[in-house]
Amino acid sequence: MGSISVLLVGKVLPYLEQELDKRYNLFRGIDPSQRAAVLRDHASSIRAVVASSSGGPDAALIEALPKLEIVSSFSVGVDRIDLQKCKEKGVRVTNTPDVLTDEVADLTIGLILAVLRRICECDRYVRSGNWKKGDYKLTTKFSGKTLGILGLGRIGAAVAKRAEGFDCSICYYSRNEKPDSKYKYYPSVVELASNCDVLVVACPLTPETHHIINREVINALGPKGVLINIGRGKHVDEPELVSALLEGRLGGAGLDVFEKEPHVPEELFGLENVVLLPHVGSATVETRTAMADLVLDNLEAHFLGKPLLTPLV
Ligand SMILES: O=CC(=O)O
């Protein structure tokens with residue numbers, strides 16, 4: 001397969017980049033100027049693009065690659081890929097579902113506990129020597145609270161399963177009610193937010209879910225409510241979130257994703273009811289390696305004419 005040309009457009013695990021280099025004729029196009037040079041000389045030979053949550057092919061790039069057959073993403077979210085254009089052009093698309101579900105769900109519970117029990121703030125309290133001056137203030141219990149889940153897909157369901165272990169009441173909103181689900185369904189995000197203590201965003205980013213967490217939803221969650229976002233930054237109207245937190249209209253937030261990563265609104269840095277993570281939902285050695293292997297296996301299946309393991313398009 002060494003003669004097959006592959007273009008890398010998103011940041012991936014070094015192991016994946018090395019394996020792609022070993023197995024294919026790999027071109028690196030993460031940096032725009034690097035990409036322009038690759039396209040100038042090799043656009044007509046590239047048959048596969050490897051994407052990730054940091055970068056994927058838009059319509060212009062797909063159009064610029066006449067021999068493109070497959071886009072394989074090192075991510076479960078495919079919001080960086082123009083899926084419609086791929087469909088039109090007959091380009092296959094794969095992602096990395098399932099292998100990261102447990103990891104992201106585990107981190108979600110960690111974020112909830114970190115916000116409610118102020119774990120990061122407590123750590124700073126000890127390190128700064130403040131404990132010697134007095135005990136840390138009391139925090140908020142998680143067990144038994146009502147957890148609202150926006151998007152009861154694979155990750156949302158795995159979060160719900162874990163929250164059952166904390167005796168939480170679980171409710172959800174998704175485009176359609178899930179007839180087999182034992183959890184309470186609300187037909188709108190505002191109703192869900194009004195009826196839960198902690199709201200977890202776990203749906204895919206699409207034009208319909210862009211800024212689905214807006215001022216109305218944030219106000220419905222209220223001064224005791226907590227927002228946890230492990231989806232995409234663009235699910236949330238970030239300036240609205242920042243002002244709600246600064247004004248005390250929202251109780252707290254645990255954020256793994258942001259609208260303009262790696263830029264995070266600096267107004268949040270001084271707030272102790274907020275926990276900020278650098279988009280690490282799936283970032284363990286075990287899970288990122290499994291994701292990398294799935295990208296490689298999908299590409300290999302495609303070029304050997306075998307069924308794709310995780311086809312989306
Ligand atoms: O954000 C990470 C992913 O989509 O896998």
# chains A, B, ... in the order shown; residues from 1 in each chain; ligands from 1
$ residues_near_ligand --ligand "ligand 1" --cutoff "10 Å" --atoms "only C-alpha atoms and all ligand atoms" --output "PDB file with N, CA and C atoms, in the first residue's frame"
ATOM      1  N   SER A  52      -9.297  14.694  12.187  1.00  0.00           N
ATOM      2  CA  SER A  52      -9.463  14.509  13.632  1.00  0.00           C
ATOM      3  C   SER A  52     -10.358  15.635  14.141  1.00  0.00           C
ATOM      4  N   SER A  53     -10.516  15.732  15.467  1.00  0.00           N
ATOM      5  CA  SER A  53     -11.387  16.798  15.982  1.00  0.00           C
ATOM      6  C   SER A  53     -10.762  18.174  15.772  1.00  0.00           C
ATOM      7  N   SER A  54      -9.475  18.225  15.453  1.00  0.00           N
ATOM      8  CA  SER A  54      -8.839  19.533  15.245  1.00  0.00           C
ATOM      9  C   SER A  54      -8.846  19.971  13.782  1.00  0.00           C
ATOM     10  N   SER A  73     -11.539   9.507  10.180  1.00  0.00           N
ATOM     11  CA  SER A  73     -11.295  10.476  11.246  1.00  0.00           C
ATOM     12  C   SER A  73     -10.873   9.822  12.549  1.00  0.00           C
ATOM     13  N   PHE A  74      -9.838  10.397  13.133  1.00  0.00           N
ATOM     14  CA  PHE A  74      -9.327   9.978  14.444  1.00  0.00           C
ATOM     15  C   PHE A  74     -10.152  10.714  15.512  1.00  0.00           C
ATOM     16  N   SER A  75     -11.459  10.489  15.493  1.00  0.00           N
ATOM     17  CA  SER A  75     -12.382  11.154  16.424  1.00  0.00           C
ATOM     18  C   SER A  75     -13.750  10.519  16.234  1.00  0.00           C
ATOM     19  N   VAL A  76     -14.581  10.674  17.251  1.00  0.00           N
ATOM     20  CA  VAL A  76     -15.968  10.221  17.063  1.00  0.00           C
ATOM     21  C   VAL A  76     -16.781  11.336  16.415  1.00  0.00           C
ATOM     22  N   GLY A  77     -16.488  12.590  16.789  1.00  0.00           N
ATOM     23  CA  GLY A  77     -17.208  13.737  16.225  1.00  0.00           C
ATOM     24  C   GLY A  77     -16.687  14.013  14.822  1.00  0.00           C
ATOM     25  N   VAL A  78     -17.594  14.272  13.898  1.00  0.00           N
ATOM     26  CA  VAL A  78     -17.165  14.490  12.509  1.00  0.00           C
ATOM     27  C   VAL A  78     -17.616  15.864  12.006  1.00  0.00           C
ATOM     28  N   ASP A  79     -17.745  16.799  12.939  1.00  0.00           N
ATOM     29  CA  ASP A  79     -18.220  18.142  12.570  1.00  0.00           C
ATOM     30  C   ASP A  79     -17.217  18.903  11.718  1.00  0.00           C
ATOM     31  N   ARG A  80     -15.960  18.451  11.658  1.00  0.00           N
ATOM     32  CA  ARG A  80     -14.948  19.121  10.830  1.00  0.00           C
ATOM     33  C   ARG A  80     -14.994  18.624   9.379  1.00  0.00           C
ATOM     34  N   ASN A  95     -15.294   7.023  11.397  1.00  0.00           N
ATOM     35  CA  ASN A  95     -14.881   7.708  12.629  1.00  0.00           C
ATOM     36  C   ASN A  95     -14.492   6.655  13.666  1.00  0.00           C
ATOM     37  N   THR A  96     -14.363   7.067  14.937  1.00  0.00           N
ATOM     38  CA  THR A  96     -13.917   6.101  15.959  1.00  0.00           C
ATOM     39  C   THR A  96     -14.920   5.997  17.112  1.00  0.00           C
ATOM     40  N   PRO A  97     -16.130   5.517  16.839  1.00  0.00           N
ATOM     41  CA  PRO A  97     -17.097   5.353  17.928  1.00  0.00           C
ATOM     42  C   PRO A  97     -16.731   4.153  18.807  1.00  0.00           C
ATOM     43  N   VAL A  99     -14.896   2.759  20.832  1.00  0.00           N
ATOM     44  CA  VAL A  99     -13.623   2.565  21.538  1.00  0.00           C
ATOM     45  C   VAL A  99     -13.355   3.679  22.556  1.00  0.00           C
ATOM     46  N   LEU A 100     -14.027   4.830  22.407  1.00  0.00           N
ATOM     47  CA  LEU A 100     -13.763   5.920  23.356  1.00  0.00           C
ATOM     48  C   LEU A 100     -14.930   6.201  24.311  1.00  0.00           C
ATOM     49  N   THR A 101     -15.998   5.432  24.167  1.00  0.00           N
ATOM     50  CA  THR A 101     -17.207   5.719  24.951  1.00  0.00           C
ATOM     51  C   THR A 101     -16.941   5.711  26.462  1.00  0.00           C
ATOM     52  N   VAL A 104     -14.717   8.712  27.730  1.00  0.00           N
ATOM     53  CA  VAL A 104     -15.369  10.029  27.785  1.00  0.00           C
ATOM     54  C   VAL A 104     -16.409  10.039  28.922  1.00  0.00           C
ATOM     55  N   PRO A 204     -23.943  15.078  19.135  1.00  0.00           N
ATOM     56  CA  PRO A 204     -23.032  15.497  18.061  1.00  0.00           C
ATOM     57  C   PRO A 204     -23.253  16.970  17.720  1.00  0.00           C
ATOM     58  N   LEU A 205     -22.207  17.630  17.215  1.00  0.00           N
ATOM     59  CA  LEU A 205     -22.362  19.013  16.759  1.00  0.00           C
ATOM     60  C   LEU A 205     -22.841  19.003  15.311  1.00  0.00           C
ATOM     61  N   ILE A 230     -18.940  17.997  27.334  1.00  0.00           N
ATOM     62  CA  ILE A 230     -17.888  17.093  26.824  1.00  0.00           C
ATOM     63  C   ILE A 230     -18.144  16.838  25.332  1.00  0.00           C
ATOM     64  N   GLY A 231     -18.988  17.705  24.725  1.00  0.00           N
ATOM     65  CA  GLY A 231     -19.301  17.544  23.298  1.00  0.00           C
ATOM     66  C   GLY A 231     -18.350  18.376  22.458  1.00  0.00           C
ATOM     67  N   ARG A 232     -18.838  19.536  22.044  1.00  0.00           N
ATOM     68  CA  ARG A 232     -18.017  20.480  21.285  1.00  0.00           C
ATOM     69  C   ARG A 232     -18.271  21.876  21.843  1.00  0.00           C
ATOM     70  N   GLY A 233     -17.257  22.744  21.759  1.00  0.00           N
ATOM     71  CA  GLY A 233     -17.413  24.102  22.274  1.00  0.00           C
ATOM     72  C   GLY A 233     -18.585  24.820  21.636  1.00  0.00           C
ATOM     73  N   ASP A 256     -14.792  20.631  28.900  1.00  0.00           N
ATOM     74  CA  ASP A 256     -13.646  19.969  28.267  1.00  0.00           C
ATOM     75  C   ASP A 256     -13.405  20.539  26.878  1.00  0.00           C
ATOM     76  N   VAL A 257     -14.371  21.343  26.397  1.00  0.00           N
ATOM     77  CA  VAL A 257     -14.306  21.841  25.016  1.00  0.00           C
ATOM     78  C   VAL A 257     -14.719  23.311  24.983  1.00  0.00           C
ATOM     79  N   HIS A 279      -9.651  19.647  26.304  1.00  0.00           N
ATOM     80  CA  HIS A 279     -10.219  18.679  25.346  1.00  0.00           C
ATOM     81  C   HIS A 279      -9.509  17.317  25.458  1.00  0.00           C
ATOM     82  N   VAL A 280      -9.729  16.668  26.605  1.00  0.00           N
ATOM     83  CA  VAL A 280      -9.019  15.410  26.880  1.00  0.00           C
ATOM     84  C   VAL A 280      -9.970  14.231  27.115  1.00  0.00           C
ATOM     85  N   GLY A 281     -11.222  14.369  26.636  1.00  0.00           N
ATOM     86  CA  GLY A 281     -12.222  13.324  26.900  1.00  0.00           C
ATOM     87  C   GLY A 281     -11.727  11.910  26.615  1.00  0.00           C
ATOM     88  N   SER A 282     -11.063  11.715  25.491  1.00  0.00           N
ATOM     89  CA  SER A 282     -10.622  10.362  25.122  1.00  0.00           C
ATOM     90  C   SER A 282      -9.115  10.188  25.299  1.00  0.00           C
ATOM     91  N   ALA A 283      -8.477  11.164  25.964  1.00  0.00           N
ATOM     92  CA  ALA A 283      -7.013  11.219  25.927  1.00  0.00           C
ATOM     93  C   ALA A 283      -6.307  10.348  26.954  1.00  0.00           C
ATOM     94  N   ARG A 288      -6.596   6.302  23.014  1.00  0.00           N
ATOM     95  CA  ARG A 288      -6.083   6.940  21.783  1.00  0.00           C
ATOM     96  C   ARG A 288      -5.399   5.895  20.888  1.00  0.00           C
ATOM     97  N   MET A 291      -8.156   4.111  19.125  1.00  0.00           N
ATOM     98  CA  MET A 291      -8.701   4.979  18.062  1.00  0.00           C
ATOM     99  C   MET A 291      -7.785   4.969  16.842  1.00  0.00           C
TER     100      MET A 291
END
$ residues_around --residues "segment 139-156 of chain A" --least-positions-apart "4" --cutoff "9 Å" --atoms "only C-alpha atoms" --output "number ranges by chain"
A: 97-98, 100-102, 104-105, 112-113, 115-118, 160-161, 163-175, 178, 189, 192-193, 195-204
$ write_last_selection --atoms "N, CA and C atoms" --output "short mmCIF file (atom, residue, chain, number, x, y, z; two decimals), in the first residue's frame"
data_model
loop_
_atom_site.label_atom_id
_atom_site.label_comp_id
_atom_site.auth_asym_id
_atom_site.auth_seq_id
_atom_site.Cartn_x
_atom_site.Cartn_y
_atom_site.Cartn_z
N PRO A 97 -16.13 5.52 16.84
CA PRO A 97 -17.10 5.35 17.93
C PRO A 97 -16.73 4.15 18.81
N ASP A 98 -17.45 3.96 19.87
CA ASP A 98 -17.36 2.79 20.77
C ASP A 98 -16.03 2.71 21.54
N LEU A 100 -14.03 4.83 22.41
CA LEU A 100 -13.76 5.92 23.36
C LEU A 100 -14.93 6.20 24.31
N THR A 101 -16.00 5.43 24.17
CA THR A 101 -17.21 5.72 24.95
C THR A 101 -16.94 5.71 26.46
N ASP A 102 -16.31 4.64 26.95
CA ASP A 102 -16.08 4.52 28.40
C ASP A 102 -15.20 5.66 28.90
N VAL A 104 -14.72 8.71 27.73
CA VAL A 104 -15.37 10.03 27.79
C VAL A 104 -16.41 10.04 28.92
N ALA A 105 -17.10 8.93 29.08
CA ALA A 105 -18.10 8.86 30.16
C ALA A 105 -17.42 8.93 31.53
N ILE A 112 -18.04 16.23 36.73
CA ILE A 112 -19.18 16.55 37.61
C ILE A 112 -18.70 16.62 39.06
N LEU A 113 -17.95 15.59 39.46
CA LEU A 113 -17.46 15.56 40.85
C LEU A 113 -16.49 16.71 41.10
N VAL A 115 -16.49 19.65 39.77
CA VAL A 115 -17.20 20.92 39.93
C VAL A 115 -17.96 20.94 41.26
N LEU A 116 -18.76 19.89 41.51
CA LEU A 116 -19.60 19.91 42.71
C LEU A 116 -18.78 19.85 43.99
N ARG A 117 -17.73 19.02 43.98
CA ARG A 117 -16.93 18.86 45.20
C ARG A 117 -15.68 19.76 45.20
N ARG A 118 -15.58 20.61 44.17
CA ARG A 118 -14.47 21.59 44.06
C ARG A 118 -13.10 20.92 44.20
N ALA A 160 -25.12 7.99 31.70
CA ALA A 160 -26.33 7.66 32.49
C ALA A 160 -26.09 6.40 33.32
N LYS A 161 -25.47 5.39 32.70
CA LYS A 161 -25.22 4.12 33.40
C LYS A 161 -24.34 4.36 34.63
N ALA A 163 -24.03 7.22 36.23
CA ALA A 163 -24.75 8.06 37.20
C ALA A 163 -25.77 7.23 37.98
N GLU A 164 -26.23 6.13 37.40
CA GLU A 164 -27.14 5.25 38.16
C GLU A 164 -26.43 4.74 39.41
N GLY A 165 -25.12 4.53 39.28
CA GLY A 165 -24.32 4.08 40.43
C GLY A 165 -24.25 5.12 41.54
N PHE A 166 -24.59 6.35 41.20
CA PHE A 166 -24.62 7.44 42.20
C PHE A 166 -26.07 7.72 42.63
N ASP A 167 -26.97 6.79 42.31
CA ASP A 167 -28.40 6.92 42.67
C ASP A 167 -29.02 8.20 42.11
N CYS A 168 -28.56 8.63 40.96
CA CYS A 168 -29.13 9.84 40.36
C CYS A 168 -30.45 9.51 39.66
N SER A 169 -31.34 10.52 39.61
CA SER A 169 -32.50 10.42 38.70
C SER A 169 -31.97 10.90 37.37
N ILE A 170 -32.35 10.22 36.32
CA ILE A 170 -31.78 10.57 35.01
C ILE A 170 -32.88 10.95 34.03
N CYS A 171 -32.67 12.06 33.35
CA CYS A 171 -33.62 12.47 32.32
C CYS A 171 -32.82 12.94 31.10
N TYR A 172 -33.48 13.05 29.97
CA TYR A 172 -32.74 13.38 28.76
C TYR A 172 -33.59 14.11 27.75
N TYR A 173 -32.88 14.74 26.82
CA TYR A 173 -33.53 15.29 25.62
C TYR A 173 -32.74 14.75 24.44
N SER A 174 -33.42 14.31 23.42
CA SER A 174 -32.76 14.02 22.14
C SER A 174 -33.79 14.31 21.06
N ARG A 175 -33.35 14.29 19.80
CA ARG A 175 -34.28 14.65 18.72
C ARG A 175 -35.56 13.84 18.81
N LYS A 178 -36.58 7.98 23.04
CA LYS A 178 -36.12 6.59 22.82
C LYS A 178 -37.13 5.67 23.49
N VAL A 189 -34.91 21.23 25.30
CA VAL A 189 -33.72 21.38 26.15
C VAL A 189 -34.03 22.28 27.34
N LEU A 192 -35.69 20.24 29.93
CA LEU A 192 -34.68 19.37 30.55
C LEU A 192 -33.86 20.18 31.57
N ALA A 193 -33.40 21.36 31.13
CA ALA A 193 -32.56 22.19 32.00
C ALA A 193 -33.31 22.65 33.25
N ASN A 195 -35.44 21.00 34.83
CA ASN A 195 -35.77 19.88 35.71
C ASN A 195 -34.56 19.05 36.15
N CYS A 196 -33.35 19.60 35.97
CA CYS A 196 -32.19 18.82 36.43
C CYS A 196 -31.23 19.70 37.23
N ASP A 197 -30.34 19.04 37.97
CA ASP A 197 -29.32 19.76 38.73
C ASP A 197 -28.04 19.93 37.91
N VAL A 198 -27.74 18.87 37.16
CA VAL A 198 -26.52 18.88 36.35
C VAL A 198 -26.92 18.53 34.92
N LEU A 199 -26.50 19.35 33.96
CA LEU A 199 -26.85 19.10 32.56
C LEU A 199 -25.58 18.76 31.78
N VAL A 200 -25.57 17.59 31.16
CA VAL A 200 -24.40 17.13 30.40
C VAL A 200 -24.68 17.23 28.91
N VAL A 201 -23.80 17.92 28.19
CA VAL A 201 -23.95 18.01 26.72
C VAL A 201 -23.18 16.86 26.09
N ALA A 202 -23.90 15.95 25.44
CA ALA A 202 -23.25 14.76 24.88
C ALA A 202 -23.79 14.43 23.49
N CYS A 203 -24.23 15.46 22.77
CA CYS A 203 -24.79 15.18 21.43
C CYS A 203 -23.77 15.57 20.35
N PRO A 204 -23.94 15.08 19.14
CA PRO A 204 -23.03 15.50 18.06
C PRO A 204 -23.25 16.97 17.72
#
$ closest_residue --among "A:Ala157, A:Leu299, A:Ile119, A:Ala37" --to "Lys182 of chain A" --atoms "only C-alpha atoms"
A:Ala157
$ residues_around --residues "Ile4 of chain A" --least-positions-apart "4" --cutoff "7 Å" --atoms "only C-alpha atoms" --output "list in words"
Tyr24, Asn25 and Arg47 of chain A
$ write_last_selection --atoms "all heavy atoms" --output "PDB file, in the first residue's frame"
ATOM      1  N   TYR A  24       1.809   4.083   4.083  1.00  0.00           N
ATOM      2  CA  TYR A  24       1.315   4.839   2.912  1.00  0.00           C
ATOM      3  C   TYR A  24       2.328   5.885   2.494  1.00  0.00           C
ATOM      4  O   TYR A  24       3.314   6.137   3.188  1.00  0.00           O
ATOM      5  CB  TYR A  24      -0.024   5.520   3.255  1.00  0.00           C
ATOM      6  CG  TYR A  24      -1.104   4.535   3.638  1.00  0.00           C
ATOM      7  CD1 TYR A  24      -1.368   4.258   4.988  1.00  0.00           C
ATOM      8  CD2 TYR A  24      -1.842   3.867   2.668  1.00  0.00           C
ATOM      9  CE1 TYR A  24      -2.338   3.326   5.345  1.00  0.00           C
ATOM     10  CE2 TYR A  24      -2.822   2.938   3.014  1.00  0.00           C
ATOM     11  CZ  TYR A  24      -3.062   2.680   4.359  1.00  0.00           C
ATOM     12  OH  TYR A  24      -4.016   1.763   4.702  1.00  0.00           O
ATOM     13  N   ASN A  25       1.999   6.534   1.391  1.00  0.00           N
ATOM     14  CA  ASN A  25       2.780   7.696   0.964  1.00  0.00           C
ATOM     15  C   ASN A  25       2.106   8.897   1.638  1.00  0.00           C
ATOM     16  O   ASN A  25       1.144   9.446   1.113  1.00  0.00           O
ATOM     17  CB  ASN A  25       2.709   7.761  -0.568  1.00  0.00           C
ATOM     18  CG  ASN A  25       3.493   8.907  -1.111  1.00  0.00           C
ATOM     19  OD1 ASN A  25       4.438   9.382  -0.474  1.00  0.00           O
ATOM     20  ND2 ASN A  25       3.105   9.384  -2.282  1.00  0.00           N
ATOM     21  N   ARG A  47      -5.672   9.719  -2.260  1.00  0.00           N
ATOM     22  CA  ARG A  47      -6.869   8.857  -2.255  1.00  0.00           C
ATOM     23  C   ARG A  47      -7.541   8.777  -0.885  1.00  0.00           C
ATOM     24  O   ARG A  47      -8.660   8.282  -0.769  1.00  0.00           O
ATOM     25  CB  ARG A  47      -6.480   7.459  -2.735  1.00  0.00           C
ATOM     26  CG  ARG A  47      -6.034   7.468  -4.199  1.00  0.00           C
ATOM     27  CD  ARG A  47      -5.482   6.128  -4.624  1.00  0.00           C
ATOM     28  NE  ARG A  47      -6.477   5.054  -4.533  1.00  0.00           N
ATOM     29  CZ  ARG A  47      -6.179   3.759  -4.608  1.00  0.00           C
ATOM     30  NH1 ARG A  47      -4.924   3.376  -4.757  1.00  0.00           N
ATOM     31  NH2 ARG A  47      -7.129   2.847  -4.516  1.00  0.00           N
TER      32      ARG A  47
END
$ closest_residue --among "A:Tyr136, A:Pro262, A:Ala114, A:His302" --to "Val274 of chain A" --atoms "only C-alpha atoms"
A:Ala114
$ select_by_dssp --residues "segment 23-185 of chain A" --states "helix (DSSP H, G or I)" --output "PyMOL selection string"
chain A and resi 23+32-45+59-64+83-89+101-116+119-127+130-133+154-164
$ residues_around --residues "segment 14-16 of chain A" --least-positions-apart "2" --cutoff "6 Å" --atoms "only C-alpha atoms" --output "list in words"
Gln18, Glu19 and Ala292 of chain A
$ write_last_selection --atoms "C-alpha atoms" --output "compact mmCIF listing (two decimals), in the first residue's frame"
# COMPACT_ATOMS: atom_id res chain seq x y z
CA GLN A 18 4.23 6.97 12.28
CA GLU A 19 2.09 4.02 11.18
CA ALA A 292 -5.50 5.03 16.00
$ closest_residue --among "A:Leu308, A:Ala48, A:Val159, A:Ala43" --to "Glu63 of chain A" --atoms "only C-alpha atoms"
A:Ala43
$ closest_residue --among "A:Leu241, A:Ala158, A:Leu255, A:Val313" --to "Gly90 of chain A" --atoms "only C-alpha atoms"
A:Val313
$ select_by_dssp --residues "segment 213-296 of chain A" --states "strand (DSSP E or B)" --output "ChimeraX atom specification"
/A:213,226-229,236,252-255,260,263,274-276
$ residues_around --residues "Lys224 of chain A" --least-positions-apart "5" --cutoff "8 Å" --atoms "only C-alpha atoms" --output "list in words"
Asp197, Leu250, Gly251 and Gly252 of chain A
$ write_last_selection --atoms "N, CA, C and O atoms" --output "short mmCIF file (atom, residue, chain, number, x, y, z; two decimals), in the first residue's frame"
data_model
loop_
_atom_site.label_atom_id
_atom_site.label_comp_id
_atom_site.auth_asym_id
_atom_site.auth_seq_id
_atom_site.Cartn_x
_atom_site.Cartn_y
_atom_site.Cartn_z
N ASP A 197 -30.34 19.04 37.97
CA ASP A 197 -29.32 19.76 38.73
C ASP A 197 -28.04 19.93 37.91
O ASP A 197 -27.35 20.93 38.01
N LEU A 250 -25.67 31.07 36.80
CA LEU A 250 -25.43 29.63 36.64
C LEU A 250 -24.52 29.20 37.79
O LEU A 250 -23.58 29.91 38.14
N GLY A 251 -24.82 28.00 38.35
CA GLY A 251 -24.09 27.57 39.55
C GLY A 251 -22.65 27.16 39.30
O GLY A 251 -21.78 27.32 40.17
N GLY A 252 -22.37 26.60 38.13
CA GLY A 252 -21.00 26.14 37.86
C GLY A 252 -20.92 25.48 36.51
O GLY A 252 -21.94 25.24 35.85
#
